[in-house]
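Below is one structure, written out as C-alpha cells; comments come after it.
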Amino acid sequence: MTDIDTRHNEKMRQIKAARDEMMKTKTERKGLIMVHTGNGKGKSSSGFGMIMRCIAHGMPCAVVQFIKGNWQTGEKKFLRDRFAEECRFFVSGEGFTWETQDRAADVAAAENGWRIAQEQILDPEIRLVLLDEINIALRYDYLNIDEVVEFLLTRKPQMTHVCLTGRDAKPELIAAADLVTEMHLIKHPFEDGVKAQRGIEY
C-alpha cells in the first residue's frame, strides 16, 4: 500500500467515524413537506423520481398535476398505463395561463385540483402526494397561500409526505417546508432556439 493509499484510508476512517456519531442523533421519522422550486430544469423530474421510489417500496402514492393540463407527458402516460394501482394520477387545469387566457377557468381548475389534493393527502393509504406545478397556481393567486400552508401544517397526517413543485415558491411555503431545493438555471437549449423535446421536457 502506498503512502497516498494509507493517508486516504485514514481520512476516510475519520470521516466515517464522524458520520457514524452524527447519525446517532438522527432518530426522528416524519412525513415531510418538500418544495422544489427555482428557474432551472428538474423540479417535476425530481418529484417523479420520488414517485418511482415509492412504487418500488410498495408505498401507495398520488400525483395531482396543476397547470400542465392535457399535455401528453411521459410521466402521465407511464404511470397511468403501467402503475395505475400503485399511483393515482389526477390532472387539473387546461394548460399554462398564457394559453387559456381565462383567469376564472384557471382559478376554478386550481381549486378543483386543490380539493383533490386534500382528499389524497388525507387518505390514510397514501404515503406521498406530488403536487406538480402547484407553485405556479399559488404564484398567480389561483389558490390562497395561507389556506394551503395551514392545511399542510395542521391537517396533513404525520407520516404523509407532500412534494410541491414549480418555480417562484412563495415565502410562506418555503418557511413551512421541511426540505426546500432550488434548481438554478445555468444553461438551457431553449435559449438557443431549441424547443421542448419529448422524453426530456415532457
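Naming scheme: A, B, ... for chains in displayed order of the C-alpha cells; residues 1 onward per chain; ligands 1 onward as shown.
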Select from region 48-164 of chain A everything DSSP, run on the backbone, classes as alpha helix (DSSP H), then give the selection as number ranges by chain.
A: 48-56, 74-82, 97-100, 103-122, 134-139, 145-154
Can you spit out the residues from that selection as a short mmCIF file (atom, residue, chain, number, x, y, z; two decimals), in the first residue's frame, using C-alpha atoms?
```
data_model
loop_
_atom_site.label_atom_id
_atom_site.label_comp_id
_atom_site.auth_asym_id
_atom_site.auth_seq_id
_atom_site.Cartn_x
_atom_site.Cartn_y
_atom_site.Cartn_z
CA PHE A 48 -41.49 11.96 -10.15
CA GLY A 49 -38.25 10.29 -9.13
CA MET A 50 -39.65 10.06 -5.60
CA ILE A 51 -42.88 8.63 -7.01
CA MET A 52 -40.81 5.86 -8.63
CA ARG A 53 -39.09 5.16 -5.33
CA CYS A 54 -42.42 4.90 -3.52
CA ILE A 55 -43.75 2.46 -6.11
CA ALA A 56 -40.61 0.34 -5.77
CA GLY A 74 -44.30 10.86 -20.44
CA GLU A 75 -44.80 10.59 -16.69
CA LYS A 76 -48.59 10.68 -17.02
CA LYS A 77 -48.60 8.02 -19.74
CA PHE A 78 -46.13 5.82 -17.87
CA LEU A 79 -47.91 5.94 -14.53
CA ARG A 80 -51.44 5.60 -15.90
CA ASP A 81 -50.53 2.80 -18.31
CA ARG A 82 -48.30 0.75 -16.01
CA THR A 97 -52.23 30.51 -18.12
CA TRP A 98 -50.91 32.35 -21.17
CA GLU A 99 -52.61 29.67 -23.29
CA THR A 100 -56.02 29.63 -21.59
CA ARG A 103 -58.48 33.57 -15.24
CA ALA A 104 -61.85 32.39 -13.92
CA ALA A 105 -61.38 28.98 -15.55
CA ASP A 106 -57.79 28.78 -14.27
CA VAL A 107 -58.91 29.58 -10.72
CA ALA A 108 -61.70 27.00 -10.90
CA ALA A 109 -59.30 24.35 -12.20
CA ALA A 110 -56.73 25.11 -9.49
CA GLU A 111 -59.38 24.99 -6.78
CA ASN A 112 -60.58 21.63 -8.08
CA GLY A 113 -57.01 20.37 -8.10
CA TRP A 114 -56.51 21.54 -4.52
CA ARG A 115 -59.73 19.80 -3.46
CA ILE A 116 -58.44 16.56 -4.97
CA ALA A 117 -55.03 17.13 -3.40
CA GLN A 118 -56.54 17.47 0.07
CA GLU A 119 -58.50 14.25 -0.40
CA GLN A 120 -55.36 12.39 -1.40
CA ILE A 121 -53.27 13.82 1.43
CA LEU A 122 -55.91 12.85 3.99
CA ILE A 134 -48.84 23.93 -7.73
CA ASN A 135 -46.37 26.76 -7.13
CA ILE A 136 -47.49 28.32 -10.41
CA ALA A 137 -51.11 28.27 -9.26
CA LEU A 138 -50.01 29.86 -5.98
CA ARG A 139 -47.85 32.42 -7.78
CA ILE A 145 -51.33 30.51 0.07
CA ASP A 146 -52.39 30.85 3.71
CA GLU A 147 -55.06 28.16 3.30
CA VAL A 148 -52.61 25.79 1.62
CA VAL A 149 -49.93 26.29 4.27
CA GLU A 150 -52.40 25.96 7.14
CA PHE A 151 -53.73 22.69 5.73
CA LEU A 152 -50.22 21.27 5.30
CA LEU A 153 -49.18 22.25 8.82
CA THR A 154 -52.34 21.32 10.71
#
```
Among chain A, which ones does DSSP assign to strand (DSSP E or B) (computed from the backbone)? Answer as an mmCIF file with N, CA and C atoms, in the first residue's frame.
```cif
data_model
loop_
_atom_site.group_PDB
_atom_site.id
_atom_site.type_symbol
_atom_site.label_atom_id
_atom_site.label_comp_id
_atom_site.auth_asym_id
_atom_site.auth_seq_id
_atom_site.Cartn_x
_atom_site.Cartn_y
_atom_site.Cartn_z
ATOM 1 N N ILE A 33 -42.792 17.947 4.277
ATOM 2 C CA ILE A 33 -43.279 18.915 3.297
ATOM 3 C C ILE A 33 -42.054 19.342 2.507
ATOM 4 N N MET A 34 -42.058 19.036 1.195
ATOM 5 C CA MET A 34 -40.887 19.292 0.358
ATOM 6 C C MET A 34 -41.253 20.245 -0.770
ATOM 7 N N VAL A 35 -40.369 21.192 -1.039
ATOM 8 C CA VAL A 35 -40.602 22.177 -2.098
ATOM 9 C C VAL A 35 -39.446 22.121 -3.083
ATOM 10 N N HIS A 36 -39.777 21.940 -4.355
ATOM 11 C CA HIS A 36 -38.794 22.012 -5.432
ATOM 12 C C HIS A 36 -39.122 23.243 -6.268
ATOM 13 N N THR A 37 -38.235 24.220 -6.257
ATOM 14 C CA THR A 37 -38.526 25.483 -6.930
ATOM 15 C C THR A 37 -37.288 25.957 -7.681
ATOM 16 N N CYS A 61 -49.066 6.047 -3.693
ATOM 17 C CA CYS A 61 -48.811 7.475 -3.857
ATOM 18 C C CYS A 61 -49.818 8.083 -4.825
ATOM 19 N N ALA A 62 -49.774 9.396 -4.940
ATOM 20 C CA ALA A 62 -50.706 10.100 -5.819
ATOM 21 C C ALA A 62 -50.027 11.324 -6.406
ATOM 22 N N VAL A 63 -50.462 11.674 -7.613
ATOM 23 C CA VAL A 63 -49.990 12.875 -8.288
ATOM 24 C C VAL A 63 -51.200 13.735 -8.624
ATOM 25 N N VAL A 64 -51.116 15.011 -8.293
ATOM 26 C CA VAL A 64 -52.096 15.983 -8.766
ATOM 27 C C VAL A 64 -51.315 16.996 -9.585
ATOM 28 N N GLN A 65 -51.602 17.032 -10.880
ATOM 29 C CA GLN A 65 -50.831 17.878 -11.789
ATOM 30 C C GLN A 65 -51.629 19.143 -12.092
ATOM 31 N N PHE A 66 -51.085 20.273 -11.656
ATOM 32 C CA PHE A 66 -51.698 21.574 -11.898
ATOM 33 C C PHE A 66 -51.118 22.165 -13.188
ATOM 34 N N CYS A 87 -50.172 4.187 -8.150
ATOM 35 C CA CYS A 87 -50.114 5.654 -8.116
ATOM 36 C C CYS A 87 -51.342 6.246 -8.797
ATOM 37 N N ARG A 88 -52.124 6.961 -8.044
ATOM 38 C CA ARG A 88 -53.271 7.665 -8.613
ATOM 39 C C ARG A 88 -52.762 8.935 -9.313
ATOM 40 N N PHE A 89 -53.310 9.227 -10.481
ATOM 41 C CA PHE A 89 -52.822 10.370 -11.261
ATOM 42 C C PHE A 89 -54.007 11.236 -11.661
ATOM 43 N N PHE A 90 -53.985 12.493 -11.193
ATOM 44 C CA PHE A 90 -55.063 13.436 -11.476
ATOM 45 C C PHE A 90 -54.497 14.641 -12.236
ATOM 46 N N VAL A 91 -55.262 15.142 -13.186
ATOM 47 C CA VAL A 91 -54.859 16.332 -13.940
ATOM 48 C C VAL A 91 -55.890 17.421 -13.704
ATOM 49 N N SER A 92 -55.413 18.592 -13.315
ATOM 50 C CA SER A 92 -56.304 19.727 -13.092
ATOM 51 C C SER A 92 -55.744 20.927 -13.830
ATOM 52 N N LEU A 128 -47.225 9.328 -0.231
ATOM 53 C CA LEU A 128 -46.618 10.518 -0.834
ATOM 54 C C LEU A 128 -47.585 11.108 -1.834
ATOM 55 N N VAL A 129 -47.760 12.431 -1.770
ATOM 56 C CA VAL A 129 -48.577 13.144 -2.745
ATOM 57 C C VAL A 129 -47.695 14.190 -3.418
ATOM 58 N N LEU A 130 -47.621 14.110 -4.733
ATOM 59 C CA LEU A 130 -46.860 15.077 -5.525
ATOM 60 C C LEU A 130 -47.831 16.092 -6.104
ATOM 61 N N LEU A 131 -47.648 17.353 -5.742
ATOM 62 C CA LEU A 131 -48.469 18.444 -6.264
ATOM 63 C C LEU A 131 -47.629 19.166 -7.314
ATOM 64 N N ASP A 132 -47.711 18.656 -8.533
ATOM 65 C CA ASP A 132 -46.836 19.114 -9.599
ATOM 66 C C ASP A 132 -47.296 20.457 -10.151
ATOM 67 N N HIS A 161 -45.948 12.231 3.213
ATOM 68 C CA HIS A 161 -45.043 13.158 2.545
ATOM 69 C C HIS A 161 -45.804 13.926 1.460
ATOM 70 N N VAL A 162 -45.493 15.220 1.322
ATOM 71 C CA VAL A 162 -46.082 16.035 0.258
ATOM 72 C C VAL A 162 -44.958 16.808 -0.417
ATOM 73 N N CYS A 163 -44.907 16.719 -1.739
ATOM 74 C CA CYS A 163 -43.904 17.445 -2.523
ATOM 75 C C CYS A 163 -44.613 18.440 -3.428
ATOM 76 N N LEU A 164 -44.207 19.698 -3.373
ATOM 77 C CA LEU A 164 -44.822 20.765 -4.162
ATOM 78 C C LEU A 164 -43.772 21.321 -5.117
ATOM 79 N N THR A 165 -44.077 21.318 -6.420
ATOM 80 C CA THR A 165 -43.092 21.761 -7.397
ATOM 81 C C THR A 165 -43.555 23.018 -8.129
ATOM 82 N N LEU A 179 -38.059 20.621 3.708
ATOM 83 C CA LEU A 179 -36.974 20.490 2.745
ATOM 84 C C LEU A 179 -37.289 21.392 1.555
ATOM 85 N N VAL A 180 -36.342 22.239 1.182
ATOM 86 C CA VAL A 180 -36.517 23.136 0.038
ATOM 87 C C VAL A 180 -35.291 23.014 -0.854
ATOM 88 N N THR A 181 -35.524 22.735 -2.129
ATOM 89 C CA THR A 181 -34.446 22.662 -3.103
ATOM 90 C C THR A 181 -34.725 23.662 -4.212
ATOM 91 N N GLU A 182 -33.717 24.454 -4.543
ATOM 92 C CA GLU A 182 -33.853 25.421 -5.632
ATOM 93 C C GLU A 182 -33.013 24.959 -6.814
#
```
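The space between CA of Gln14 (chain A) and CA of Thr27 (chain A) spans 22.2 Å.
Here the question is which of A:Gly38, A:Gln197, A:Tyr202, A:Leu143 gets nearest to Ile174 (chain A) using only C-alpha atoms, and that residue is A:Gly38.
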Tell me, in Å to one decimal, how far CA of Ala176 (chain A) is from CA of Met23 (chain A).
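Computing the Euclidean distance for CA of Ala176 (chain A) and CA of Met23 (chain A) yields 24.5 Å.
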